[in-house]
Every structure is written in C-alpha cells, then in structure tokens.
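**Student:** Quick one: this structure, given as structure tokens, is what I'll be asking you about.
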Amino acid sequence: MSQNELNLRPLEVIVDGDNVERAIKILKRQVAHEGVYKELKRRRFYEKPSVKRKRKQREAERRRRKERRRAMRARNRRKR
C-alpha cells in the first residue's frame, strides 16, 4: 500500500436546512479535489505495467516542475 492509500477518509458534507443542491455541489467539488474522478477514469481499463511506469514518470516530472515554479516565485518575492 502506498502512503496515499493510507490517508483515505470518507468525504462528508453537512446539509444546512433544505439546501441539498448546494451540498451536492460542495460534494462534487470535494470529489474532484481528491482526484476521485481521475482515479475512476484511470481504472476503467487495464493499464500495462510499462504504460503505468511512463505515466507515473510524467506525473512526477510535472510535480517537480510545479514545485520549481513555486520555489522561483517565492525566491523572486523575497528579493523585492
């Protein structure tokens, strides 16, 4: 099991009064933020190990680039 799988927790939304539509909207936002939609799409079909490895490498590189951009922005803000 990976670290991400250990942190699973149920998504909860409290319904205030009769405002069910708002609660559904909030739940959809939480599900999207947690990456459930992406996970469902990914698991819909079998993924060969080589394809899975390449996908994970692409995702890791994307995270590294994002982190570098954040670090550069923070560094530039400190210089001002």
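Residues are referred to by chain and number: the chain letter is A, B, ... according to the order shown in the structure tokens, the number counts from 1 in that chain, and ligands are numbered separately from 1 in the order shown.
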Report the residues of chain A whose backbone DSSP state falls under alpha helix (DSSP H), written as a PyMOL selection string.
**Tutor:** chain A and resi 3-6+20-34+36-43+49-79
**Student:** Could you check the closest approach to A:Lys28 for each of A:Val51, A:Met72, A:Leu40, A:Val13 and tell me which residue wins, using only C-alpha atoms?
**Tutor:**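 When distances to A:Lys28 are compared using only C-alpha atoms, the smallest one comes from A:Val13.
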**Student:** Mind checking which residues fall within 12 Å of A:Gln30, counting only C-alpha atoms, ignoring those fewer than 3 positions away in the same chain, and posting them as a PyMOL selection string?
**Tutor:** chain A and resi 9-13+23-27+33-37
**Student:** One decimal, in Å: what's the spacing between atom CA of A:Arg42 and atom CA of A:Arg55?
**Tutor:** 10.6 Å
